[in-house]
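Chemist: Below is the structure I would like to discuss, written out as structure tokens.
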Amino acid sequence: MSDADELDEAIALANSGRIRQDPPPAPRLKRIRRIQWGADGTEGPDGGGTPGSAENPGGARPAGGEAGRGAVPGGAHPLEGSAAGGGRPGHGGHGPAGHPGNTSADGDRQPTSTGTGTSAGTGTGTGTSTGASEGTGPAEGTGQDPHGRGQPRQHPQGRNGEGARPPAVTWSEAVALASSAVTALPRETVPLAHALGRTLAAPLRALTDLPPFDTSAMDGWAVSGPGPWEPARAADGTERPGLLAGAREEPAQLADGEAVRIATGARVPSGTSAVLRREAVQHTGARVRTDTPPQPGTDIRPRGQECRKGDELLPAGAAVTPAVLGLVAAAGYDDLATVPRPRAEVLVLGDELLHRGLPRDGRIRDALGPMVEPWLTALGAEVTVTRLLGDDAEALHEALAGSTADVLVTTGSTAAGPLDHLRPTLRRLDARLLVHGVRVRPGHPMLLAALGPADRQSTGGQPRHRFLVGLPGNPLAALSGLVTLAAPLLSALAGRAAPEPREATLGAEVSGHPHDTRLVPVRCEGSGLRARIRPLRYAGPAMLRGVASCDALAVVPPGGGAPGTDVPVLDLPW
């Protein structure tokens, strides 16, 4: 078990209260194997190393060295090939000191690599480590300490002369980069029936006064003066008919001391001082009485009470909800200028996934396909399709090159192993990495890339770029990628401001990672000053039991949080 695996397991054990048994002693390492990788990410000739060597401990399957994760905040960089790039300098795998295993603590397939401080393929590692985890020793020529806590290092050159990838960004930097990577989609004017779920492209201004005339708020009697009152009479001496909502004729004026029956929503006659509720009136013979004289204006909705013509009702960027549609219609609109919902496609990768039935023959059920699509819909996307591609490099290339979606979301294949085709495919498409790894647990192998524009996506002759969010393959790690990268990206494309995390108080201690942010499923308890959030069990990167019953995700800083500490909380999008 690598350092990172042991660390994440220790955190999970600390939160669950269980005790881990001491592992058996590691076997002595006899041979060292240096793995070479071709440009297509497949294993090439090597020195004949054996399983259990320093470069493939425990007999893990060979995998390609992984280039460093992340993008320099505020800018993108060209995508380096996963085959040629090395691991993160000074970090190696996924823990503070790195690890050479092929499965990360977040559960995404992860490569092995060589060297004592730099990663395989960077051209600076010694390739002679005898059992130390990758990155546990100082990197050559960098002056960094074993955990990468020193000054930012210079990125060494790869075998092909390419610069190694920059280190992973922090969680808050990743959110900011995803939010600032795009501008809102071009506005469209659509009928109200098609506007639900979109975003207002311009401030909503009233086209009329609301209400447009004085109306009755109750069924009862419209009266003039202090009372008592007599029913108003027509010219022939008969009692005037009652006033109904929707009547097109202007109601006759009431004289002092007169009353007329009126329905809710009907226009109030001029001269009316108040409306008496039906249940408060005694109508005996030719008199209308009430026990308590009404105050002037009682139960009358005056013209313009809600707004005047030209008033701003909602700002640009507001989501079009059912309530907004009602307000828009009341304000006089038939069509609405909106920013459309971003169109998204989901690509599920991995030959190990089953899509029906029980797990069998070393294969597991796909949990992400059924989960990611509705999650994206809740975030405001219009998901056009979920495709099951397996580990097929050509199918992935065809899907990415031919898609016209604004956002493509892939599950799995964010590492650089022999079956992880995402990065080589992005390189073939001349994609630019905006975020390449995030210092967050779970989910740190996530990535964000800008793809070339599709032919049909243009506005005024200017093509728009498409974007890809690469989610790790483990379920909770994938959800971490959704809230970190997909949510702010979709908000920006839809023309909305991303919601600010609210603060909440921890009701129990939450163990933290030494260097990375943790996203922890929590449940809200109590209310008011006693309101607290408590972490849930079953919150490992491959688990969904915790998040399925949580109220929110707590953003726990490096080092963890003590009871009574306030931390940011991400509400779920429903």
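The way I read the labels, and the way they are meant: chains A, B, ... in the order of the structure tokens, residue 1 as the first residue of every chain, and ligand 1 as the first ligand shown, with later ones counted on from there.
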Any chance you could list, as a list in words, the residues in range 233-359 of chain A that come up alpha helix (DSSP H) when DSSP is run on the backbone?
Modeler: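 Matching residues, listed in order: Pro322, Ala323, Val324, Leu325, Gly326, Leu327, Val328, Ala329 and Ala330 of chain A.
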Chemist: Residues near range 450-452 of chain A, anyone? I mean within 7 Å using only C-alpha atoms, not counting same-chain ones fewer than 2 positions away, as a PyMOL selection string.
Modeler: chain A and resi 431-434+454+465-468
Chemist: Output N, CA and C atoms of each residue in that selection to a file, as a short mmCIF file (atom, residue, chain, number, x, y, z; two decimals), in the first residue's frame.
Modeler:
data_model
loop_
_atom_site.label_atom_id
_atom_site.label_comp_id
_atom_site.auth_asym_id
_atom_site.auth_seq_id
_atom_site.Cartn_x
_atom_site.Cartn_y
_atom_site.Cartn_z
N ALA A 431 -6.12 20.01 -27.85
CA ALA A 431 -6.83 20.63 -26.73
C ALA A 431 -5.87 21.39 -25.84
N ARG A 432 -6.39 22.35 -25.09
CA ARG A 432 -5.61 23.09 -24.10
C ARG A 432 -6.11 22.72 -22.71
N LEU A 433 -5.19 22.34 -21.85
CA LEU A 433 -5.55 22.05 -20.47
C LEU A 433 -5.68 23.36 -19.69
N LEU A 434 -6.84 23.54 -19.06
CA LEU A 434 -7.07 24.68 -18.20
C LEU A 434 -6.84 24.32 -16.74
N ALA A 454 -16.87 23.45 -32.67
CA ALA A 454 -17.60 22.61 -33.62
C ALA A 454 -18.16 23.50 -34.73
N HIS A 465 -15.58 27.81 -28.52
CA HIS A 465 -14.88 26.61 -28.09
C HIS A 465 -15.81 25.73 -27.26
N ARG A 466 -15.53 24.45 -27.32
CA ARG A 466 -16.20 23.49 -26.47
C ARG A 466 -15.27 23.14 -25.31
N PHE A 467 -15.84 22.58 -24.26
CA PHE A 467 -15.05 22.28 -23.07
C PHE A 467 -15.30 20.86 -22.62
N LEU A 468 -14.26 20.28 -22.05
CA LEU A 468 -14.34 18.92 -21.54
C LEU A 468 -13.99 18.91 -20.05
#
Chemist: In Å to one decimal, how far is CA of Gly257 in chain A from CA of Gly225 in chain A?
Modeler: 5.5 Å
Chemist: Residues near Ala201 in chain A, anyone? I mean within 12 Å using only C-alpha atoms, not counting same-chain ones fewer than 4 positions away, as a ChimeraX atom specification.
Modeler: /A:184-190,195,314-320,336-341,493-496
Chemist: Using only C-alpha atoms, can you tell me which of A:Glu525, A:Asp209, A:Asp366, A:Asp430 comes closest to Glu312 in chain A?
Modeler: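 Looking only at the distances to Glu312 in chain A, the closest residue turns out to be A:Asp209.
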Chemist: May I ask for the distance between CA of Pro541 in chain A and CA of Gly443 in chain A, given in Å to one decimal place?
Modeler: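 Between these atoms lies a distance of 7.5 Å.
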Chemist: Got a sec: who's within 8 Å of range 481-491 of chain A, counting only C-alpha atoms, leaving out chain neighbours fewer than 6 positions off, as a list in words?
Modeler: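 Result of the neighbour search: Trp171, Ala174, Val175, Ala176, Ala178, Ser179, Ser180, Ala181, Val182, Pro342, Leu376, Leu379, Gly380, Ala381, Gly443, Met446, Leu448, Val469, Gly470, Leu471, Pro472, Ala497 and Ala498 of chain A.
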Chemist: Take the residues just selected and output them with C-alpha atoms as an mmCIF file, in the first residue's frame.
Modeler:
data_model
loop_
_atom_site.group_PDB
_atom_site.id
_atom_site.type_symbol
_atom_site.label_atom_id
_atom_site.label_comp_id
_atom_site.auth_asym_id
_atom_site.auth_seq_id
_atom_site.Cartn_x
_atom_site.Cartn_y
_atom_site.Cartn_z
ATOM 1 C CA TRP A 171 -9.565 23.724 -4.838
ATOM 2 C CA ALA A 174 -9.845 25.326 -9.715
ATOM 3 C CA VAL A 175 -13.322 26.724 -9.066
ATOM 4 C CA ALA A 176 -12.185 30.201 -10.120
ATOM 5 C CA ALA A 178 -13.559 26.963 -14.357
ATOM 6 C CA SER A 179 -15.788 29.973 -13.744
ATOM 7 C CA SER A 180 -13.551 32.392 -15.659
ATOM 8 C CA ALA A 181 -12.772 30.059 -18.577
ATOM 9 C CA VAL A 182 -15.939 30.881 -20.517
ATOM 10 C CA PRO A 342 -25.607 24.658 -22.033
ATOM 11 C CA LEU A 376 -25.768 17.887 -14.764
ATOM 12 C CA LEU A 379 -26.873 22.094 -12.488
ATOM 13 C CA GLY A 380 -28.712 23.652 -15.443
ATOM 14 C CA ALA A 381 -27.385 21.678 -18.408
ATOM 15 C CA GLY A 443 -11.106 13.611 -7.000
ATOM 16 C CA MET A 446 -9.944 15.728 -12.419
ATOM 17 C CA LEU A 448 -10.703 20.708 -17.533
ATOM 18 C CA VAL A 469 -14.612 18.059 -17.859
ATOM 19 C CA GLY A 470 -12.712 14.867 -17.064
ATOM 20 C CA LEU A 471 -14.074 13.159 -13.947
ATOM 21 C CA PRO A 472 -12.159 10.471 -12.069
ATOM 22 C CA ALA A 497 -23.187 33.851 -11.079
ATOM 23 C CA ALA A 498 -22.044 30.728 -9.267
#
Chemist: What is the distance, in Å and to one decimal place, between CA of Gly326 in chain A and CA of Leu192 in chain A?
Modeler: 9.5 Å
Chemist: Would you mind listing what lies within 6 Å of range 508-519 of chain A as a list in words, with only C-alpha atoms counted and same-chain residues fewer than 2 positions away left out?
Modeler: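 Final neighbour list, sorted by chain and number: Ile11, Arg439, Val440, Arg441, Leu506, Arg534, Leu553, Ala554, Val555, Val556, Pro557, Pro558, Gly559, Gly560, Gly561, Ala562 and Pro563 of chain A.
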Chemist: Can you write just those residues out, all heavy atoms, as a tab-separated table (two decimals), in the first residue's frame?
Modeler:
chain	number	residue	atom	x	y	z
A	11	ILE	N	-7.44	8.45	7.28
A	11	ILE	CA	-8.45	9.49	7.46
A	11	ILE	C	-9.83	8.88	7.57
A	11	ILE	O	-10.63	9.23	8.45
A	11	ILE	CB	-8.39	10.49	6.30
A	11	ILE	CG1	-7.09	11.30	6.37
A	11	ILE	CG2	-9.58	11.43	6.33
A	11	ILE	CD1	-6.85	12.19	5.17
A	439	ARG	N	-5.84	19.98	-5.92
A	439	ARG	CA	-5.45	19.52	-4.60
A	439	ARG	C	-6.70	19.39	-3.73
A	439	ARG	O	-6.97	20.21	-2.83
A	439	ARG	CB	-4.42	20.47	-3.99
A	439	ARG	CG	-3.14	20.53	-4.79
A	439	ARG	CD	-1.93	20.87	-3.94
A	439	ARG	NE	-2.03	22.16	-3.29
A	439	ARG	CZ	-1.60	23.30	-3.82
A	439	ARG	NH1	-1.08	23.30	-5.05
A	439	ARG	NH2	-1.68	24.43	-3.17
A	440	VAL	N	-7.47	18.36	-4.02
A	440	VAL	CA	-8.71	18.09	-3.30
A	440	VAL	C	-8.86	16.58	-3.18
A	440	VAL	O	-8.44	15.82	-4.06
A	440	VAL	CB	-9.93	18.71	-4.02
A	440	VAL	CG1	-10.17	18.04	-5.37
A	440	VAL	CG2	-11.19	18.63	-3.17
A	441	ARG	N	-9.43	16.12	-2.08
A	441	ARG	CA	-9.71	14.70	-1.86
A	441	ARG	C	-11.18	14.52	-1.56
A	441	ARG	O	-11.71	15.23	-0.71
A	441	ARG	CB	-8.87	14.15	-0.70
A	441	ARG	CG	-7.38	14.28	-0.88
A	441	ARG	CD	-6.92	13.55	-2.13
A	441	ARG	NE	-5.50	13.72	-2.32
A	441	ARG	CZ	-4.60	12.78	-2.03
A	441	ARG	NH1	-4.99	11.63	-1.54
A	441	ARG	NH2	-3.32	13.01	-2.26
A	506	LEU	N	-19.03	22.96	12.31
A	506	LEU	CA	-18.82	21.54	12.50
A	506	LEU	C	-19.30	21.11	13.89
A	506	LEU	O	-18.97	21.74	14.89
A	506	LEU	CB	-17.35	21.18	12.34
A	506	LEU	CG	-16.75	21.30	10.93
A	506	LEU	CD1	-15.24	21.06	10.97
A	506	LEU	CD2	-17.42	20.32	9.98
A	534	ARG	N	-22.58	17.44	10.64
A	534	ARG	CA	-21.80	16.29	11.10
A	534	ARG	C	-21.39	15.44	9.90
A	534	ARG	O	-22.21	15.17	9.01
A	534	ARG	CB	-22.60	15.44	12.09
A	534	ARG	CG	-22.86	16.17	13.40
A	534	ARG	CD	-23.48	15.24	14.45
A	534	ARG	NE	-23.69	15.97	15.70
A	534	ARG	CZ	-22.77	16.12	16.64
A	534	ARG	NH1	-21.56	15.58	16.45
A	534	ARG	NH2	-23.03	16.79	17.73
A	553	LEU	N	-22.06	19.15	1.08
A	553	LEU	CA	-20.66	18.78	1.13
A	553	LEU	C	-19.89	19.88	1.85
A	553	LEU	O	-19.96	21.05	1.46
A	553	LEU	CB	-20.09	18.59	-0.29
A	553	LEU	CG	-20.68	17.46	-1.13
A	553	LEU	CD1	-20.10	17.51	-2.54
A	553	LEU	CD2	-20.41	16.12	-0.50
A	554	ALA	N	-19.18	19.50	2.91
A	554	ALA	CA	-18.37	20.46	3.64
A	554	ALA	C	-17.00	20.58	2.98
A	554	ALA	O	-16.40	19.57	2.59
A	554	ALA	CB	-18.22	20.04	5.10
A	555	VAL	N	-16.50	21.79	2.86
A	555	VAL	CA	-15.19	22.05	2.28
A	555	VAL	C	-14.20	22.17	3.46
A	555	VAL	O	-14.11	23.22	4.10
A	555	VAL	CB	-15.19	23.34	1.44
A	555	VAL	CG1	-13.82	23.55	0.79
A	555	VAL	CG2	-16.28	23.28	0.38
A	556	VAL	N	-13.50	21.08	3.73
A	556	VAL	CA	-12.63	21.00	4.90
A	556	VAL	C	-11.21	21.37	4.48
A	556	VAL	O	-10.65	20.76	3.57
A	556	VAL	CB	-12.67	19.59	5.52
A	556	VAL	CG1	-11.76	19.51	6.75
A	556	VAL	CG2	-14.10	19.22	5.90
A	557	PRO	N	-10.61	22.36	5.12
A	557	PRO	CA	-9.27	22.80	4.70
A	557	PRO	C	-8.21	21.77	5.07
A	557	PRO	O	-8.45	20.86	5.86
A	557	PRO	CB	-9.07	24.10	5.49
A	557	PRO	CG	-9.92	23.93	6.70
A	557	PRO	CD	-11.12	23.13	6.25
A	558	PRO	N	-7.01	21.89	4.49
A	558	PRO	CA	-5.91	20.99	4.88
A	558	PRO	C	-5.71	21.00	6.39
A	558	PRO	O	-5.76	22.04	7.03
A	558	PRO	CB	-4.70	21.58	4.15
A	558	PRO	CG	-5.28	22.28	2.97
A	558	PRO	CD	-6.59	22.83	3.43
A	559	GLY	N	-5.50	19.81	6.94
A	559	GLY	CA	-5.33	19.69	8.37
A	559	GLY	C	-6.58	19.33	9.12
A	559	GLY	O	-6.53	18.93	10.28
A	560	GLY	N	-7.76	19.47	8.49
A	560	GLY	CA	-9.00	19.09	9.14
A	560	GLY	C	-9.65	20.23	9.89
A	560	GLY	O	-9.23	21.38	9.81
A	561	GLY	N	-10.73	19.90	10.63
A	561	GLY	CA	-11.48	20.91	11.37
A	561	GLY	C	-11.93	20.36	12.70
A	561	GLY	O	-12.37	19.21	12.80
A	562	ALA	N	-11.85	21.19	13.74
A	562	ALA	CA	-12.28	20.81	15.08
A	562	ALA	C	-13.74	21.17	15.28
A	562	ALA	O	-14.29	22.02	14.56
A	562	ALA	CB	-11.42	21.53	16.12
A	563	PRO	N	-14.41	20.53	16.24
A	563	PRO	CA	-15.80	20.91	16.54
A	563	PRO	C	-15.90	22.40	16.85
A	563	PRO	O	-15.04	22.97	17.53
A	563	PRO	CB	-16.14	20.05	17.76
A	563	PRO	CG	-15.22	18.89	17.68
A	563	PRO	CD	-13.95	19.41	17.09
Chemist: Report the residues of range 268-317 of chain A whose backbone DSSP state falls under strand (DSSP E or B), written as a list of chain:residue names.
Modeler: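 Reading the DSSP output for range 268-317 of chain A, strand (DSSP E or B) covers A:Ala274, A:Val275, A:Leu276, A:Arg277, A:Gln282, A:His283, A:Thr284, A:Arg287, A:Val288, A:Arg289, A:Ile300, A:Arg301, A:Cys307, A:Glu312, A:Leu313, A:Leu314.
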Chemist: Rank A:Val346, A:Leu479, A:Leu210, A:Ala235 by their smallest atom-to-atom distance to Gln305 in chain A, using only C-alpha atoms, and report the top residue only.
Modeler: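 That would be A:Leu210, the residue with the smallest distance to Gln305 in chain A.
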Chemist: Which residues are close to Gln282 in chain A, i.e. within 12 Å by only C-alpha atoms, leaving aside same-chain residues fewer than 3 positions away? Reply as a VMD selection string.
Modeler: chain A and resid 220 to 221 227 to 230 276 to 279 285 to 292
Chemist: Measuring atom to atom with only C-alpha atoms, identify which of A:Ala492, A:Leu572, A:Leu429, A:Val348 is nearest to Asn474 in chain A.
Modeler: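 Among the listed residues, the smallest separation from Asn474 in chain A belongs to A:Val348.
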